[in-house]
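Trainee: As input, take query11.cif (mmCIF, C-alpha atoms):
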```cif
data_work
loop_
_atom_site.group_PDB
_atom_site.id
_atom_site.type_symbol
_atom_site.label_atom_id
_atom_site.label_comp_id
_atom_site.auth_asym_id
_atom_site.auth_seq_id
_atom_site.Cartn_x
_atom_site.Cartn_y
_atom_site.Cartn_z
ATOM 1 C CA MET A 1 -87.853 -58.956 -37.824
ATOM 2 C CA PHE A 2 -89.882 -62.072 -37.299
ATOM 3 C CA ALA A 3 -88.047 -63.799 -40.059
ATOM 4 C CA ARG A 4 -87.996 -67.332 -41.350
ATOM 5 C CA ALA A 5 -87.971 -69.207 -38.110
ATOM 6 C CA SER A 6 -87.715 -72.827 -39.167
ATOM 7 C CA LEU A 7 -85.511 -75.165 -41.120
ATOM 8 C CA LEU A 8 -88.454 -76.073 -43.313
ATOM 9 C CA LEU A 9 -88.814 -72.482 -44.395
ATOM 10 C CA GLY A 10 -85.189 -72.316 -45.358
ATOM 11 C CA LEU A 11 -85.518 -75.458 -47.432
ATOM 12 C CA ALA A 12 -88.621 -74.083 -49.114
ATOM 13 C CA ALA A 13 -86.830 -70.866 -49.960
ATOM 14 C CA ALA A 14 -84.013 -72.836 -51.533
ATOM 15 C CA ALA A 15 -86.511 -74.529 -53.807
ATOM 16 C CA ASP A 16 -87.290 -71.138 -55.329
ATOM 17 C CA VAL A 17 -84.118 -69.059 -55.346
ATOM 18 C CA SER A 18 -85.782 -66.569 -57.686
ATOM 19 C CA LEU A 19 -87.961 -65.240 -54.883
ATOM 20 C CA ARG A 20 -86.261 -61.821 -54.760
ATOM 21 C CA GLY A 21 -87.137 -59.936 -57.906
ATOM 22 C CA SER A 22 -88.088 -62.308 -60.684
ATOM 23 C CA LEU A 23 -91.585 -63.076 -59.432
ATOM 24 C CA ALA A 24 -92.816 -59.550 -60.056
ATOM 25 C CA SER A 25 -96.090 -59.510 -61.964
ATOM 26 C CA GLY A 26 -96.285 -57.221 -64.962
ATOM 27 C CA ASP A 27 -98.984 -55.331 -63.062
ATOM 28 C CA CYS A 28 -96.771 -54.827 -59.999
ATOM 29 C CA LYS A 29 -94.183 -52.151 -59.448
ATOM 30 C CA THR A 30 -90.663 -53.426 -58.860
ATOM 31 C CA VAL A 31 -89.619 -52.846 -55.255
ATOM 32 C CA SER A 32 -85.895 -52.987 -54.576
ATOM 33 C CA PRO A 33 -84.006 -53.255 -51.279
ATOM 34 C CA LEU A 34 -82.233 -50.078 -50.255
ATOM 35 C CA ALA A 35 -78.787 -49.684 -51.766
ATOM 36 C CA GLU A 36 -77.742 -47.634 -48.742
ATOM 37 C CA LEU A 37 -78.654 -48.679 -45.210
ATOM 38 C CA ASN A 38 -76.875 -47.573 -42.053
ATOM 39 C CA ILE A 39 -76.441 -51.076 -40.697
ATOM 40 C CA THR A 40 -74.999 -49.777 -37.411
ATOM 41 C CA GLU A 41 -78.156 -47.757 -36.840
ATOM 42 C CA TYR A 42 -80.324 -50.653 -37.988
ATOM 43 C CA LEU A 43 -78.749 -52.866 -35.312
ATOM 44 C CA ARG A 44 -78.628 -50.188 -32.615
ATOM 45 C CA ALA A 45 -81.934 -50.885 -30.837
ATOM 46 C CA THR A 46 -84.793 -53.356 -30.898
ATOM 47 C CA TRP A 47 -87.534 -53.101 -33.520
ATOM 48 C CA TYR A 48 -91.202 -53.579 -32.608
ATOM 49 C CA SER A 49 -93.737 -54.739 -35.172
ATOM 50 C CA GLN A 50 -96.799 -52.508 -35.391
ATOM 51 C CA GLN A 51 -98.390 -54.168 -38.420
ATOM 52 C CA GLN A 52 -97.489 -57.176 -40.526
ATOM 53 C CA GLN A 53 -98.885 -59.767 -42.896
ATOM 54 C CA LEU A 54 -99.702 -63.289 -41.822
ATOM 55 C CA THR A 55 -97.317 -66.080 -42.718
ATOM 56 C CA SER A 56 -97.556 -69.799 -42.146
ATOM 57 C CA TYR A 57 -94.734 -69.674 -39.601
ATOM 58 C CA GLN A 58 -96.284 -66.812 -37.645
ATOM 59 C CA PRO A 59 -100.069 -67.153 -37.447
ATOM 60 C CA ALA A 60 -102.452 -64.596 -35.962
ATOM 61 C CA SER A 61 -102.321 -66.426 -32.610
ATOM 62 C CA GLU A 62 -98.664 -65.396 -32.263
ATOM 63 C CA LEU A 63 -98.952 -61.775 -33.368
ATOM 64 C CA PHE A 64 -98.533 -60.240 -29.929
ATOM 65 C CA CYS A 65 -95.505 -58.341 -28.586
ATOM 66 C CA VAL A 66 -93.551 -59.096 -31.764
ATOM 67 C CA SER A 67 -90.016 -57.748 -31.595
ATOM 68 C CA ALA A 68 -86.781 -58.247 -33.498
ATOM 69 C CA THR A 69 -83.312 -57.503 -32.182
ATOM 70 C CA TYR A 70 -80.186 -57.663 -34.316
ATOM 71 C CA ASN A 71 -76.702 -57.972 -32.895
ATOM 72 C CA ASP A 72 -73.257 -57.861 -34.472
ATOM 73 C CA GLU A 73 -71.486 -60.864 -32.960
ATOM 74 C CA PRO A 74 -68.092 -61.388 -34.670
ATOM 75 C CA ASP A 75 -67.975 -65.064 -33.710
ATOM 76 C CA ARG A 76 -71.319 -65.726 -35.415
ATOM 77 C CA THR A 77 -70.700 -67.320 -38.808
ATOM 78 C CA VAL A 78 -72.634 -69.175 -41.473
ATOM 79 C CA PRO A 79 -71.282 -71.913 -43.752
ATOM 80 C CA PHE A 80 -69.448 -70.901 -46.921
ATOM 81 C CA PHE A 81 -69.958 -67.156 -46.379
ATOM 82 C CA ASP A 82 -67.546 -64.434 -45.319
ATOM 83 C CA GLY A 83 -69.793 -61.371 -45.639
ATOM 84 C CA PHE A 84 -71.566 -59.423 -42.920
ATOM 85 C CA VAL A 85 -73.768 -61.508 -40.601
ATOM 86 C CA ALA A 86 -76.019 -60.240 -37.810
ATOM 87 C CA SER A 87 -77.491 -62.477 -35.148
ATOM 88 C CA THR A 88 -81.276 -62.174 -35.154
ATOM 89 C CA TYR A 89 -83.359 -62.587 -32.002
ATOM 90 C CA ASN A 90 -87.103 -62.732 -32.626
ATOM 91 C CA TYR A 91 -89.784 -62.650 -29.943
ATOM 92 C CA ALA A 92 -93.567 -62.843 -29.641
ATOM 93 C CA THR A 93 -96.196 -64.113 -27.248
ATOM 94 C CA LYS A 94 -99.082 -66.447 -27.959
ATOM 95 C CA GLN A 95 -102.788 -65.593 -27.714
ATOM 96 C CA ASN A 96 -102.336 -62.267 -25.867
ATOM 97 C CA VAL A 97 -99.736 -59.806 -24.585
ATOM 98 C CA SER A 98 -99.163 -61.832 -21.415
ATOM 99 C CA GLY A 99 -99.146 -65.208 -23.138
ATOM 100 C CA GLU A 100 -96.445 -67.827 -23.477
ATOM 101 C CA PRO A 101 -93.361 -66.562 -25.331
ATOM 102 C CA ALA A 102 -93.014 -67.931 -28.852
ATOM 103 C CA ASN A 103 -89.273 -67.337 -28.718
ATOM 104 C CA THR A 104 -86.738 -65.935 -26.247
ATOM 105 C CA LYS A 105 -83.099 -64.897 -26.206
ATOM 106 C CA ASP A 106 -82.295 -68.536 -25.422
ATOM 107 C CA GLY A 107 -84.307 -69.849 -28.375
ATOM 108 C CA MET A 108 -83.308 -70.318 -31.989
ATOM 109 C CA VAL A 109 -80.965 -67.596 -33.205
ATOM 110 C CA LEU A 110 -81.290 -66.752 -36.879
ATOM 111 C CA CYS A 111 -78.669 -65.105 -39.048
ATOM 112 C CA ALA A 112 -79.342 -62.113 -41.278
ATOM 113 C CA ARG A 113 -76.801 -62.030 -44.086
ATOM 114 C CA GLN A 114 -75.902 -59.063 -46.277
ATOM 115 C CA GLN A 115 -75.080 -60.952 -49.432
ATOM 116 C CA ASP A 116 -74.149 -57.933 -51.567
ATOM 117 C CA PRO A 117 -72.417 -55.025 -49.771
ATOM 118 C CA LYS A 118 -73.508 -52.747 -52.627
ATOM 119 C CA VAL A 119 -77.156 -53.451 -51.732
ATOM 120 C CA GLN A 120 -77.032 -52.904 -48.006
ATOM 121 C CA GLY A 121 -80.770 -53.364 -47.430
ATOM 122 C CA GLY A 122 -80.863 -56.689 -49.250
ATOM 123 C CA LEU A 123 -80.804 -59.002 -46.264
ATOM 124 C CA SER A 124 -81.591 -62.697 -46.276
ATOM 125 C CA VAL A 125 -82.384 -64.828 -43.251
ATOM 126 C CA ALA A 126 -82.210 -68.444 -42.121
ATOM 127 C CA PRO A 127 -81.022 -70.477 -39.149
ATOM 128 C CA CYS A 128 -77.317 -69.815 -38.763
ATOM 129 C CA PHE A 129 -76.222 -73.358 -39.550
ATOM 130 C CA LEU A 130 -77.698 -73.166 -43.061
ATOM 131 C CA PRO A 131 -75.731 -71.801 -46.027
ATOM 132 C CA ASN A 132 -77.048 -68.886 -48.060
ATOM 133 C CA VAL A 133 -78.779 -71.043 -50.634
ATOM 134 C CA PHE A 134 -81.341 -71.908 -47.950
ATOM 135 C CA THR A 135 -82.175 -68.332 -46.985
ATOM 136 C CA GLY A 136 -85.260 -66.287 -47.786
ATOM 137 C CA PRO A 137 -85.258 -62.570 -48.720
ATOM 138 C CA TYR A 138 -85.856 -60.006 -46.013
ATOM 139 C CA ASP A 139 -85.512 -56.723 -47.852
ATOM 140 C CA VAL A 140 -85.381 -53.355 -46.109
ATOM 141 C CA VAL A 141 -87.227 -51.217 -48.659
ATOM 142 C CA GLY A 142 -87.987 -48.050 -46.698
ATOM 143 C CA VAL A 143 -86.813 -46.194 -43.595
ATOM 144 C CA GLY A 144 -88.011 -43.190 -41.649
ATOM 145 C CA VAL A 145 -85.115 -40.974 -40.606
ATOM 146 C CA ALA A 146 -85.467 -39.106 -37.322
ATOM 147 C CA ALA A 147 -85.058 -35.353 -36.908
ATOM 148 C CA ASP A 148 -81.355 -35.793 -36.102
ATOM 149 C CA GLY A 149 -80.792 -37.116 -39.612
ATOM 150 C CA VAL A 150 -79.161 -40.296 -38.328
ATOM 151 C CA GLU A 151 -81.490 -42.491 -36.283
ATOM 152 C CA TYR A 152 -84.289 -44.531 -37.838
ATOM 153 C CA ASP A 153 -87.823 -44.193 -36.463
ATOM 154 C CA TRP A 154 -89.348 -46.927 -38.614
ATOM 155 C CA VAL A 155 -88.483 -49.460 -41.297
ATOM 156 C CA ILE A 156 -90.449 -51.367 -43.906
ATOM 157 C CA VAL A 157 -89.353 -54.927 -44.616
ATOM 158 C CA SER A 158 -90.651 -56.983 -47.536
ATOM 159 C CA GLY A 159 -90.174 -60.713 -47.893
ATOM 160 C CA GLY A 160 -89.124 -60.398 -51.499
ATOM 161 C CA GLN A 161 -90.717 -58.810 -54.523
ATOM 162 C CA PRO A 162 -94.453 -57.985 -54.240
ATOM 163 C CA SER A 163 -96.234 -60.010 -56.907
ATOM 164 C CA GLU A 164 -99.847 -60.379 -55.726
ATOM 165 C CA LYS A 165 -102.236 -57.719 -57.081
ATOM 166 C CA GLN A 166 -104.759 -56.464 -54.512
ATOM 167 C CA ALA A 167 -108.145 -54.785 -54.799
ATOM 168 C CA ASP A 168 -106.564 -51.378 -54.118
ATOM 169 C CA GLY A 169 -104.554 -51.709 -57.329
ATOM 170 C CA LEU A 170 -101.248 -52.172 -55.504
ATOM 171 C CA CYS A 171 -99.287 -55.362 -54.878
ATOM 172 C CA THR A 172 -97.901 -57.272 -51.953
ATOM 173 C CA THR A 173 -96.115 -60.540 -51.296
ATOM 174 C CA LYS A 174 -97.920 -63.821 -50.818
ATOM 175 C CA THR A 175 -99.775 -64.185 -47.520
ATOM 176 C CA GLY A 176 -100.237 -67.205 -45.298
ATOM 177 C CA THR A 177 -97.311 -69.114 -46.808
ATOM 178 C CA TYR A 178 -93.637 -69.693 -46.053
ATOM 179 C CA PHE A 179 -92.822 -67.175 -48.748
ATOM 180 C CA GLY A 180 -93.459 -63.441 -48.638
ATOM 181 C CA GLY A 181 -94.282 -61.310 -45.639
ATOM 182 C CA LEU A 182 -94.461 -57.583 -44.980
ATOM 183 C CA TRP A 183 -93.490 -55.819 -41.760
ATOM 184 C CA LEU A 184 -93.826 -52.299 -40.382
ATOM 185 C CA PHE A 185 -91.324 -51.965 -37.537
ATOM 186 C CA THR A 186 -90.759 -48.976 -35.249
ATOM 187 C CA ARG A 187 -88.356 -48.098 -32.468
ATOM 188 C CA GLU A 188 -91.314 -47.147 -30.266
ATOM 189 C CA THR A 189 -92.939 -50.078 -28.533
ATOM 190 C CA VAL A 190 -96.329 -48.502 -29.178
ATOM 191 C CA ALA A 191 -95.977 -46.253 -32.199
ATOM 192 C CA SER A 192 -97.839 -43.008 -32.662
ATOM 193 C CA ASP A 193 -100.523 -42.768 -35.308
ATOM 194 C CA ALA A 194 -98.308 -40.309 -37.193
ATOM 195 C CA THR A 195 -95.406 -42.755 -37.309
ATOM 196 C CA VAL A 196 -97.564 -45.590 -38.602
ATOM 197 C CA ALA A 197 -99.200 -43.285 -41.148
ATOM 198 C CA ALA A 198 -95.798 -42.156 -42.461
ATOM 199 C CA ALA A 199 -94.629 -45.731 -42.957
ATOM 200 C CA ARG A 200 -97.877 -46.765 -44.639
ATOM 201 C CA ALA A 201 -97.664 -43.756 -46.961
ATOM 202 C CA LYS A 202 -94.177 -44.852 -47.979
ATOM 203 C CA MET A 203 -95.502 -48.331 -48.755
ATOM 204 C CA ALA A 204 -98.127 -46.808 -51.043
ATOM 205 C CA ASP A 205 -95.453 -44.692 -52.751
ATOM 206 C CA LEU A 206 -93.472 -47.870 -53.406
ATOM 207 C CA GLY A 207 -96.533 -49.575 -54.886
ATOM 208 C CA ILE A 208 -96.945 -51.908 -51.902
ATOM 209 C CA SER A 209 -100.482 -52.645 -50.769
ATOM 210 C CA THR A 210 -101.236 -52.271 -47.060
ATOM 211 C CA SER A 211 -104.539 -54.153 -47.411
ATOM 212 C CA GLN A 212 -103.242 -57.372 -45.853
ATOM 213 C CA LEU A 213 -101.519 -55.847 -42.837
ATOM 214 C CA VAL A 214 -102.679 -56.944 -39.391
ATOM 215 C CA ASP A 215 -102.230 -54.860 -36.239
ATOM 216 C CA VAL A 216 -99.754 -56.239 -33.695
ATOM 217 C CA PRO A 217 -100.644 -55.381 -30.053
ATOM 218 C CA GLN A 218 -97.699 -53.975 -28.095
ATOM 219 C CA ALA A 219 -99.401 -52.105 -25.224
ATOM 220 C CA GLY A 220 -98.927 -53.999 -21.968
ATOM 221 C CA CYS A 221 -96.096 -56.196 -23.228
ATOM 222 C CA THR A 222 -93.269 -56.980 -20.805
ATOM 223 C CA TYR A 223 -90.991 -58.881 -23.249
ATOM 224 C CA ASP A 224 -90.044 -61.389 -20.559
ATOM 225 C CA GLY A 225 -87.120 -63.499 -21.733
ATOM 226 C CA ALA A 226 -86.566 -61.429 -24.869
ATOM 227 C CA PHE A 227 -83.248 -59.923 -25.940
ATOM 228 C CA ILE A 228 -84.069 -56.206 -25.937
ATOM 229 C CA LYS A 229 -81.799 -53.287 -26.827
ATOM 230 C CA PRO A 230 -83.181 -50.036 -25.393
ATOM 231 C CA ASN A 231 -83.771 -47.152 -27.770
ATOM 232 C CA ALA A 232 -81.419 -44.888 -25.837
#
```
Could I get this structure in the form of structure tokens?
Mentor:
Amino acid sequence: MFARASLLLGLAAAADVSLRGSLASGDCKTVSPLAELNITEYLRATWYSQQQQLTSYQPASELFCVSATYNDEPDRTVPFFDGFVASTYNYATKQNVSGEPANTKDGMVLCARQQDPKVQGGLSVAPCFLPNVFTGPYDVVGVGVAADGVEYDWVIVSGGQPSEKQADGLCTTKTGTYFGGLWLFTRETVASDATVAAARAKMADLGISTSQLVDVPQAGCTYDGAFIKPNA
């Protein structure tokens, strides 16, 4: 998850608390976060972005070696909230796969909050010192379950309700802004074509356009300074 990585983004999200759900255009299919998500499995190993939309806080120049690692740290809390919180460690490099890290395990730690335990995939994210009103939606809307029936091979994350109609007739979230975002994460550092195709097919089934997705290079990445959980 390369989630909302700045205080300004959190403040912007607070200015429009209706971001999850109520912005759906009448021409766009409603996309809901998963009611059931194995959060233990979700946190088990690092996720690697294979494709994602551009946002203002993560421009194309920083779309290299993008990874997201979640960790259950009982001492990690957020103000005025007693629900489940996962520490979120995002990583990327600038300009190329061997470029300067955009974030490391010693950088800003974000907090993913599960605000409604009955909607386990409805996560929201902000710097940990901010209360929930300042978070932005980070909805897990699709998962690929491995052959063992337990582990996840891929996940689709949407930054709220898709509301922007695209030329392919489907919808996605806003691009190039603080709001929105769309991510295709896999456990593989470099995903197979079949894995990416399966996730993209699920997006289409959900009514989510893949037209604005950008490839994220992962081949040759070393993830120096990142917090990485092996997919063991």
Trainee: Measuring between only C-alpha atoms, which one of A:Ala102, A:Leu170, A:Val214, A:Ala201 shows the shortest distance to Lys29 of chain A?
Mentor: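 When distances to Lys29 of chain A are compared using only C-alpha atoms, the smallest one comes from A:Leu170.
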Trainee: Pull out every residue that the PyMOL selection byres ((chain A and resi 93-101) around 10) matches in the shown coordinates and put them as a PDB file with C-alpha atoms, in the frame of the given file.
Mentor:
```
ATOM      1  CA  PRO A  59    -100.069 -67.153 -37.447  1.00  0.00           C
ATOM      2  CA  ALA A  60    -102.452 -64.596 -35.962  1.00  0.00           C
ATOM      3  CA  SER A  61    -102.321 -66.426 -32.610  1.00  0.00           C
ATOM      4  CA  GLU A  62     -98.664 -65.396 -32.263  1.00  0.00           C
ATOM      5  CA  LEU A  63     -98.952 -61.775 -33.368  1.00  0.00           C
ATOM      6  CA  PHE A  64     -98.533 -60.240 -29.929  1.00  0.00           C
ATOM      7  CA  CYS A  65     -95.505 -58.341 -28.586  1.00  0.00           C
ATOM      8  CA  VAL A  66     -93.551 -59.096 -31.764  1.00  0.00           C
ATOM      9  CA  SER A  67     -90.016 -57.748 -31.595  1.00  0.00           C
ATOM     10  CA  TYR A  91     -89.784 -62.650 -29.943  1.00  0.00           C
ATOM     11  CA  ALA A  92     -93.567 -62.843 -29.641  1.00  0.00           C
ATOM     12  CA  ALA A 102     -93.014 -67.931 -28.852  1.00  0.00           C
ATOM     13  CA  ASN A 103     -89.273 -67.337 -28.718  1.00  0.00           C
ATOM     14  CA  THR A 104     -86.738 -65.935 -26.247  1.00  0.00           C
ATOM     15  CA  VAL A 216     -99.754 -56.239 -33.695  1.00  0.00           C
ATOM     16  CA  PRO A 217    -100.644 -55.381 -30.053  1.00  0.00           C
ATOM     17  CA  GLN A 218     -97.699 -53.975 -28.095  1.00  0.00           C
ATOM     18  CA  ALA A 219     -99.401 -52.105 -25.224  1.00  0.00           C
ATOM     19  CA  GLY A 220     -98.927 -53.999 -21.968  1.00  0.00           C
ATOM     20  CA  CYS A 221     -96.096 -56.196 -23.228  1.00  0.00           C
ATOM     21  CA  THR A 222     -93.269 -56.980 -20.805  1.00  0.00           C
ATOM     22  CA  TYR A 223     -90.991 -58.881 -23.249  1.00  0.00           C
ATOM     23  CA  ASP A 224     -90.044 -61.389 -20.559  1.00  0.00           C
ATOM     24  CA  GLY A 225     -87.120 -63.499 -21.733  1.00  0.00           C
ATOM     25  CA  ALA A 226     -86.566 -61.429 -24.869  1.00  0.00           C
TER      26      ALA A 226
END
```
Trainee: Find, counting all atoms listed in the file, the residue in A:Arg113, A:Gln120, A:Thr135, A:Thr210 that gets nearest to Ala35 of chain A.
Mentor: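 Smallest distance to Ala35 of chain A is found for A:Gln120.
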Trainee: Given all atoms listed in the file as the basis, pick out the residue of A:Asn38, A:Gln166, A:Thr46, A:Ser124 nearest to Asn90 of chain A.
Mentor: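 Ranking A:Asn38, A:Gln166, A:Thr46, A:Ser124 by distance to Asn90 of chain A, first place goes to A:Thr46.
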Trainee: Considering all atoms listed in the file, can you say which of A:Thr88, A:Thr55, A:Thr172, A:Thr177 comes closest to Gly207 of chain A?
Mentor: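 Smallest separation from Gly207 of chain A among the options: A:Thr172.
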Trainee: Taking all atoms listed in the file into account, name the residue in A:Val133, A:Leu123, A:Ala45, A:Leu110 that is nearest to Trp154 of chain A.
Mentor: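 Counting all atoms listed in the file, the residue closest to Trp154 of chain A is A:Ala45.
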Trainee: For a quick check of understanding, using all atoms listed in the file, which of A:Gln161, A:Thr175, A:Asn231, A:Thr186 has the smallest distance to Gly26 of chain A?
Mentor: A:Gln161
Trainee: Check what the PyMOL selection byres ((chain A and resi 209) around 9) selects in the file above and give those residues as an NGL selection string.
Mentor: :A and (162 or 165-172 or 200 or 203-204 or 206-208 or 210-213)
Trainee: Taking the file as shown, what set of residues would the PyMOL selection byres ((chain A and resi 181) around 10) give back, as a VMD selection string?
Mentor: chain A and resid 2 to 4 52 to 56 58 137 to 138 157 to 162 172 to 180 182 to 183 212 to 213
Trainee: For those residues, write C-alpha atoms to a file as a PDB file, in the frame of the given file.
Mentor:
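To be explicit, this is the file written out as result-v8.pdb:
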```pdb
ATOM      1  CA  PHE A   2     -89.882 -62.072 -37.299  1.00  0.00           C
ATOM      2  CA  ALA A   3     -88.047 -63.799 -40.059  1.00  0.00           C
ATOM      3  CA  ARG A   4     -87.996 -67.332 -41.350  1.00  0.00           C
ATOM      4  CA  GLN A  52     -97.489 -57.176 -40.526  1.00  0.00           C
ATOM      5  CA  GLN A  53     -98.885 -59.767 -42.896  1.00  0.00           C
ATOM      6  CA  LEU A  54     -99.702 -63.289 -41.822  1.00  0.00           C
ATOM      7  CA  THR A  55     -97.317 -66.080 -42.718  1.00  0.00           C
ATOM      8  CA  SER A  56     -97.556 -69.799 -42.146  1.00  0.00           C
ATOM      9  CA  GLN A  58     -96.284 -66.812 -37.645  1.00  0.00           C
ATOM     10  CA  PRO A 137     -85.258 -62.570 -48.720  1.00  0.00           C
ATOM     11  CA  TYR A 138     -85.856 -60.006 -46.013  1.00  0.00           C
ATOM     12  CA  VAL A 157     -89.353 -54.927 -44.616  1.00  0.00           C
ATOM     13  CA  SER A 158     -90.651 -56.983 -47.536  1.00  0.00           C
ATOM     14  CA  GLY A 159     -90.174 -60.713 -47.893  1.00  0.00           C
ATOM     15  CA  GLY A 160     -89.124 -60.398 -51.499  1.00  0.00           C
ATOM     16  CA  GLN A 161     -90.717 -58.810 -54.523  1.00  0.00           C
ATOM     17  CA  PRO A 162     -94.453 -57.985 -54.240  1.00  0.00           C
ATOM     18  CA  THR A 172     -97.901 -57.272 -51.953  1.00  0.00           C
ATOM     19  CA  THR A 173     -96.115 -60.540 -51.296  1.00  0.00           C
ATOM     20  CA  LYS A 174     -97.920 -63.821 -50.818  1.00  0.00           C
ATOM     21  CA  THR A 175     -99.775 -64.185 -47.520  1.00  0.00           C
ATOM     22  CA  GLY A 176    -100.237 -67.205 -45.298  1.00  0.00           C
ATOM     23  CA  THR A 177     -97.311 -69.114 -46.808  1.00  0.00           C
ATOM     24  CA  TYR A 178     -93.637 -69.693 -46.053  1.00  0.00           C
ATOM     25  CA  PHE A 179     -92.822 -67.175 -48.748  1.00  0.00           C
ATOM     26  CA  GLY A 180     -93.459 -63.441 -48.638  1.00  0.00           C
ATOM     27  CA  LEU A 182     -94.461 -57.583 -44.980  1.00  0.00           C
ATOM     28  CA  TRP A 183     -93.490 -55.819 -41.760  1.00  0.00           C
ATOM     29  CA  GLN A 212    -103.242 -57.372 -45.853  1.00  0.00           C
ATOM     30  CA  LEU A 213    -101.519 -55.847 -42.837  1.00  0.00           C
TER      31      LEU A 213
END
```
Trainee: Which distance in Å separates atom CA of Pro127 of chain A and atom CA of Gln51 of chain A, to one decimal?
Mentor: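 Here the two named atoms are 23.8 Å from each other.
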Trainee: Which value, in Å to one decimal, gives the distance between atom CA of Ala126 of chain A and atom CA of Ser87 of chain A?
Mentor: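 Atom CA of Ala126 of chain A sits 10.3 Å away from atom CA of Ser87 of chain A.
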